[in-house]
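Trainee: First the structure, then my questions, so here it is.
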Amino acid sequence: MSRFKSKIAIVTGAGCVAAGWGNGRAMAVRLAEEGAKVLAVDRDQARLDETLSLAGEAAASITTCICDVTDSSSVRAMVQACLQAWGVPDILINNVGGSAAGGPIQLSEQDWDSQIDINLKSVFLTCKHVLPHMVERGSGAIVNVASTSGLRWTGSAQVAYAASKAGVIHLSRVVAVQHAPDGIRVNTVVPGQLHTPMVQARLARQRTGGDVETLLASRVRRIPLGFMGDGRDTASAALYLASDEARFVTGTELVVDGGMTARCD
């Protein structure tokens with residue numbers, strides 16, 4: 001397929017915490033496989049190098065960039081790197097994020113601030129520095145990655161993560177309406193209980209003392225389809241929203257959760 005031929009894309013969080021297909025890695029590689037020139041962004045070069053290795057022949061269409069997406073000057077430099085390497089981005093995919101357990105009593109103020117920065121401020125900053133170029137050209141597609149935790153209770157108290165991901169959803173709606181006259185579409189992918197490398201690398205340690213199988217079983221029980229998706233499912237949704245096939249789709253969410261949020265329990 002070549003539905004992104006001649007398109008330029010920025011994908012943040014294009015590395016992965018461990019070997020395998022995380023959301024950002026899958027999106028960056030799929031875009032390159034389908035013809036896009038991709039700036040793959042992460043804060044860890046080793047993770048990006050692994051993305052390039054997994055990309056195979058598509059790696060020739062991927063340039064890597066180290067960036068702290070919570071820092072405005074770093075994001076500005078990243079956008080300049082895209083302009084120099086490929087040109088004005090047609091597509092921006094915001095995938096950086098992470099969760100911290102705890103409600104208002106358990107969660108420290110420092111962890112609250114960190115969660116807001118990494119999950120929500122990062123989206124604000126990339127939009128801030130990319131949108132002027134899209135507005136000047138008169139076209140663009142932005143896809144932000146939220147979470148079903150931003151829609152409902154998903155099994156554990158993670159108040160800052162839930163609040164920040166809900167913020168991503170509404171930020172996307174507001175920016176979509178504001179910039180629709182500029183020819184720019186903004187949508188959100190809302191993944192549910194996925195089996196990504198994050199499960200083994202971080203979530204199992206946080207929630208089940210490192211027992212991966214117990215965590216996987218508890219997650220599957222919530223999903224009507226009876227299995228967990230992975231980063232490739234998020235990528236398929238994001239690529240649709242970024243493509244011309246979604247030319248009449250803006251200001252909305254595509255939930256990728258196997259039916260979990262449709263259940264009452």
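Chain identifiers are assigned as A, B, and so on, following the order in which chains appear in the structure tokens; residues are numbered from 1 within each chain, and ligands are numbered from 1 in order of appearance.
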Neighbours of Ala46 in chain A within 12 Å (only C-alpha atoms; same-chain residues fewer than 5 positions away dropped), as a PyMOL selection string?
Mentor: chain A and resi 14-19+41+51-53+64-66
Trainee: Can you tell me, as a VMD selection string, what residues are no more than 6 Å from range 146-158 of chain A when counting only C-alpha atoms, ignoring any on the same chain fewer than 2 positions away?
Mentor: chain A and resid 100 to 103 160 to 162 165 to 166 190 to 192
Trainee: Going by DSSP on the backbone, which bits of range 39-234 of chain A are helix (DSSP H, G or I)? Write them as a ChimeraX atom specification, please.
Mentor: /A:45-61,72-85,109-137,148-150,159-182,197-208,212-220,231-234
Trainee: Range 41-123 of chain A: which residues are strand (DSSP E) by DSSP, as a VMD selection string?
Mentor: chain A and resid 41 to 42 62 to 66 91 to 94
Trainee: Could you write out that same residue set with N, CA and C atoms as a tab-separated table (two decimals), in the first residue's frame?
Mentor:
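The resulting again_21.tsv:
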chain	number	residue	atom	x	y	z
A	41	VAL	N	10.29	10.18	16.88
A	41	VAL	CA	10.74	10.99	18.01
A	41	VAL	C	10.67	10.19	19.30
A	42	ASP	N	11.71	10.28	20.10
A	42	ASP	CA	11.71	9.66	21.41
A	42	ASP	C	12.79	10.36	22.24
A	62	ILE	N	12.70	6.62	7.51
A	62	ILE	CA	12.56	7.08	8.89
A	62	ILE	C	13.82	7.81	9.33
A	63	THR	N	13.66	9.02	9.84
A	63	THR	CA	14.74	9.75	10.49
A	63	THR	C	14.41	9.86	11.96
A	64	THR	N	15.39	9.66	12.83
A	64	THR	CA	15.13	9.70	14.26
A	64	THR	C	15.50	11.06	14.84
A	65	CYS	N	14.86	11.39	15.95
A	65	CYS	CA	15.10	12.66	16.61
A	65	CYS	C	14.89	12.50	18.11
A	66	ILE	N	15.86	12.94	18.89
A	66	ILE	CA	15.72	12.93	20.35
A	66	ILE	C	15.03	14.22	20.79
A	91	ILE	N	1.30	15.15	8.82
A	91	ILE	CA	0.70	14.34	9.88
A	91	ILE	C	1.50	14.52	11.17
A	92	LEU	N	0.80	14.71	12.26
A	92	LEU	CA	1.40	14.70	13.60
A	92	LEU	C	0.67	13.67	14.44
A	93	ILE	N	1.42	12.71	14.97
A	93	ILE	CA	0.83	11.72	15.87
A	93	ILE	C	1.49	11.87	17.24
A	94	ASN	N	0.68	12.20	18.23
A	94	ASN	CA	1.14	12.37	19.60
A	94	ASN	C	0.88	11.09	20.39
Trainee: How many Å lie between CA of Val256 in chain A and CA of Tyr240 in chain A, rounded to one decimal?
Mentor: 12.4 Å
Trainee: Using only C-alpha atoms, pick whichever of A:Ser2, A:Trp112, A:Gly183, A:Pro224 has the shortest atom-to-atom distance to Thr261 in chain A.
Mentor: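 Smallest separation from Thr261 in chain A among the options: A:Pro224.
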Trainee: With only C-alpha atoms as the counted atoms, please give the residues lying no more than 9 Å from range 177-182 of chain A, apart from itself and same-chain residues fewer than 6 positions off, as a CSV table (one decimal) with N, CA, C and O atoms, in the first residue's frame.
Mentor:
chain,number,residue,atom,x,y,z
A,131,LEU,N,1.3,23.3,14.4
A,131,LEU,CA,0.1,23.9,13.8
A,131,LEU,C,0.4,25.2,13.0
A,131,LEU,O,-0.2,25.3,11.9
A,134,MET,N,1.2,24.0,9.5
A,134,MET,CA,0.0,23.4,8.9
A,134,MET,C,-0.9,24.5,8.4
A,134,MET,O,-1.5,24.4,7.4
A,135,VAL,N,-1.1,25.5,9.3
A,135,VAL,CA,-2.0,26.6,9.0
A,135,VAL,C,-1.6,27.3,7.8
A,135,VAL,O,-2.3,27.7,6.9
A,136,GLU,N,-0.3,27.6,7.7
A,136,GLU,CA,0.3,28.3,6.6
A,136,GLU,C,0.1,27.6,5.3
A,136,GLU,O,-0.2,28.2,4.2
A,137,ARG,N,0.2,26.3,5.3
A,137,ARG,CA,0.0,25.5,4.1
A,137,ARG,C,-1.5,25.2,3.8
A,137,ARG,O,-1.9,25.0,2.7
A,138,GLY,N,-2.3,25.2,4.9
A,138,GLY,CA,-3.7,25.0,4.7
A,138,GLY,C,-4.2,23.6,4.7
A,138,GLY,O,-5.3,23.2,4.2
A,139,SER,N,-3.4,22.7,5.4
A,139,SER,CA,-3.8,21.3,5.5
A,139,SER,C,-3.0,20.6,6.6
A,139,SER,O,-1.9,21.1,6.9
A,140,GLY,N,-3.6,19.5,7.1
A,140,GLY,CA,-2.8,18.7,8.1
A,140,GLY,C,-3.8,17.8,8.8
A,140,GLY,O,-5.0,18.0,8.8
A,250,THR,N,-13.4,14.6,11.9
A,250,THR,CA,-12.6,15.5,12.7
A,250,THR,C,-13.3,15.7,14.0
A,250,THR,O,-14.5,15.7,14.1
A,251,GLY,N,-12.5,16.0,15.1
A,251,GLY,CA,-13.1,16.3,16.4
A,251,GLY,C,-13.8,15.1,17.1
A,251,GLY,O,-14.7,15.3,17.9
Trainee: Rounded to one decimal, what separation in Å do you get between CA of Ser6 in chain A and CA of Arg173 in chain A?
Mentor: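 Answer for the CA of Ser6 in chain A to CA of Arg173 in chain A separation: 27.2 Å.
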Trainee: Which residue out of A:Thr196, A:Met260, A:Val159, A:Ala26 has the minimum interatomic distance to Leu107 in chain A when only C-alpha atoms are used?
Mentor: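 For Leu107 in chain A, the nearest of the given residues is A:Val159.
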Trainee: Using CA of Ile116 in chain A and CA of Val96 in chain A as the two end points, give the distance in Å to one decimal.
Mentor: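 Atom-to-atom, CA of Ile116 in chain A to CA of Val96 in chain A, that is 11.7 Å.
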Trainee: Select, from A:Ile10, A:Asp230, A:Val38, A:Val175, the residue with the minimum atom-to-atom distance to His195 in chain A, counting only C-alpha atoms.
Mentor: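 Of the candidates, the smallest distance to His195 in chain A is held by A:Asp230.
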Trainee: Would you please work out which residue, of A:Ile118, A:Cys127, A:Ala58, A:Ala163, is nearest to Pro104 in chain A when using only C-alpha atoms?
Mentor: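 With only C-alpha atoms as the atom set, the closest residue is A:Ala163.
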Trainee: Using only C-alpha atoms, determine which residues lie at most 10 Å from Val75 in chain A, disregarding the query and same-chain residues fewer than 4 positions distant; provide the list as number ranges by chain.
Mentor: A: 41, 66-71, 79-81, 122, 125-130
Trainee: Go ahead and save the residues from that selection, with all heavy atoms, as a compact mmCIF listing (two decimals), in the first residue's frame.
Mentor:
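That gives us again-v5.txt:
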# COMPACT_ATOMS: atom_id res chain seq x y z
N VAL A 41 10.29 10.18 16.88
CA VAL A 41 10.74 10.99 18.01
C VAL A 41 10.67 10.19 19.30
O VAL A 41 9.66 9.51 19.57
CB VAL A 41 9.87 12.26 18.12
CG1 VAL A 41 10.31 13.11 19.30
CG2 VAL A 41 9.91 13.05 16.81
N ILE A 66 15.86 12.94 18.89
CA ILE A 66 15.72 12.93 20.35
C ILE A 66 15.03 14.22 20.79
O ILE A 66 15.40 15.32 20.36
CB ILE A 66 17.10 12.83 21.02
CG1 ILE A 66 17.81 11.54 20.60
CG2 ILE A 66 16.95 12.89 22.55
CD1 ILE A 66 17.05 10.29 20.97
N CYS A 67 14.02 14.09 21.61
CA CYS A 67 13.25 15.26 22.03
C CYS A 67 12.59 15.00 23.38
O CYS A 67 12.07 13.91 23.63
CB CYS A 67 12.17 15.57 20.99
SG CYS A 67 11.09 16.96 21.40
N ASP A 68 12.59 16.01 24.23
CA ASP A 68 11.80 16.01 25.45
C ASP A 68 10.51 16.77 25.13
O ASP A 68 10.52 18.01 25.03
CB ASP A 68 12.55 16.70 26.58
CG ASP A 68 11.74 16.82 27.87
OD1 ASP A 68 10.57 16.39 27.89
OD2 ASP A 68 12.28 17.37 28.85
N VAL A 69 9.43 16.05 24.93
CA VAL A 69 8.19 16.69 24.48
C VAL A 69 7.48 17.48 25.58
O VAL A 69 6.43 18.07 25.33
CB VAL A 69 7.21 15.67 23.86
CG1 VAL A 69 7.74 15.15 22.54
CG2 VAL A 69 6.94 14.52 24.83
N THR A 70 8.06 17.52 26.78
CA THR A 70 7.51 18.37 27.83
C THR A 70 8.24 19.71 27.90
O THR A 70 7.91 20.55 28.74
CB THR A 70 7.59 17.69 29.21
OG1 THR A 70 8.96 17.58 29.62
CG2 THR A 70 6.95 16.31 29.18
N ASP A 71 9.21 19.92 27.01
CA ASP A 71 10.02 21.14 27.00
C ASP A 71 9.83 21.87 25.68
O ASP A 71 10.10 21.33 24.61
CB ASP A 71 11.49 20.79 27.21
CG ASP A 71 12.38 22.02 27.17
OD1 ASP A 71 12.43 22.73 28.19
OD2 ASP A 71 13.00 22.27 26.11
N VAL A 79 10.70 20.15 15.66
CA VAL A 79 9.95 20.55 14.48
C VAL A 79 10.90 21.10 13.41
O VAL A 79 10.74 20.82 12.22
CB VAL A 79 8.86 21.57 14.85
CG1 VAL A 79 8.16 22.09 13.60
CG2 VAL A 79 7.84 20.93 15.80
N GLN A 80 11.89 21.87 13.83
CA GLN A 80 12.87 22.36 12.87
C GLN A 80 13.63 21.21 12.22
O GLN A 80 13.95 21.25 11.03
CB GLN A 80 13.85 23.31 13.57
CG GLN A 80 13.25 24.66 13.93
CD GLN A 80 12.74 25.41 12.70
OE1 GLN A 80 13.43 25.52 11.69
NE2 GLN A 80 11.51 25.92 12.79
N ALA A 81 13.92 20.17 12.99
CA ALA A 81 14.59 19.00 12.44
C ALA A 81 13.73 18.33 11.36
O ALA A 81 14.25 17.87 10.33
CB ALA A 81 14.91 18.00 13.55
N SER A 122 2.55 17.70 26.75
CA SER A 122 3.30 17.27 25.56
C SER A 122 2.47 17.45 24.29
O SER A 122 2.99 17.87 23.25
CB SER A 122 3.72 15.80 25.71
OG SER A 122 2.59 14.94 25.81
N LEU A 125 2.23 21.20 23.48
CA LEU A 125 3.46 21.77 22.93
C LEU A 125 3.70 21.36 21.48
O LEU A 125 4.11 22.19 20.65
CB LEU A 125 4.66 21.38 23.79
CG LEU A 125 4.77 22.07 25.15
CD1 LEU A 125 5.95 21.53 25.93
CD2 LEU A 125 4.89 23.58 24.99
N THR A 126 3.46 20.10 21.16
CA THR A 126 3.68 19.70 19.77
C THR A 126 2.68 20.40 18.85
O THR A 126 3.04 20.86 17.76
CB THR A 126 3.58 18.17 19.59
OG1 THR A 126 2.32 17.71 20.08
CG2 THR A 126 4.71 17.47 20.30
N CYS A 127 1.42 20.51 19.30
CA CYS A 127 0.44 21.25 18.51
C CYS A 127 0.86 22.71 18.37
O CYS A 127 0.73 23.30 17.29
CB CYS A 127 -0.94 21.15 19.16
SG CYS A 127 -1.72 19.53 19.02
N LYS A 128 1.34 23.29 19.43
CA LYS A 128 1.74 24.70 19.42
C LYS A 128 2.79 24.96 18.35
O LYS A 128 2.75 25.98 17.66
CB LYS A 128 2.28 25.09 20.80
CG LYS A 128 2.68 26.56 20.92
CD LYS A 128 3.10 26.88 22.34
CE LYS A 128 3.37 28.37 22.49
NZ LYS A 128 2.14 29.19 22.31
N HIS A 129 3.75 24.06 18.21
CA HIS A 129 4.87 24.30 17.30
C HIS A 129 4.66 23.72 15.90
O HIS A 129 5.30 24.18 14.95
CB HIS A 129 6.15 23.73 17.92
CG HIS A 129 6.61 24.49 19.12
ND1 HIS A 129 7.10 25.77 19.05
CD2 HIS A 129 6.62 24.16 20.45
CE1 HIS A 129 7.41 26.20 20.27
NE2 HIS A 129 7.12 25.24 21.14
N VAL A 130 3.75 22.77 15.75
CA VAL A 130 3.48 22.20 14.42
C VAL A 130 2.36 22.95 13.71
O VAL A 130 2.42 23.19 12.49
CB VAL A 130 3.13 20.70 14.53
CG1 VAL A 130 2.59 20.17 13.20
CG2 VAL A 130 4.36 19.91 14.94
Trainee: Go through A:Val123, A:Leu31, A:Val212, A:Ala9 one by one, measure the shortest atom-to-atom distance of each to Pro197 in chain A using only C-alpha atoms, and give the residue with the smallest value.
Mentor: A:Val212
Trainee: Point out the residue among A:Glu253, A:Ala246, A:Ala32, A:Ser61 with the least atom-to-atom distance to Val189 in chain A, counting only C-alpha atoms.
Mentor: A:Glu253
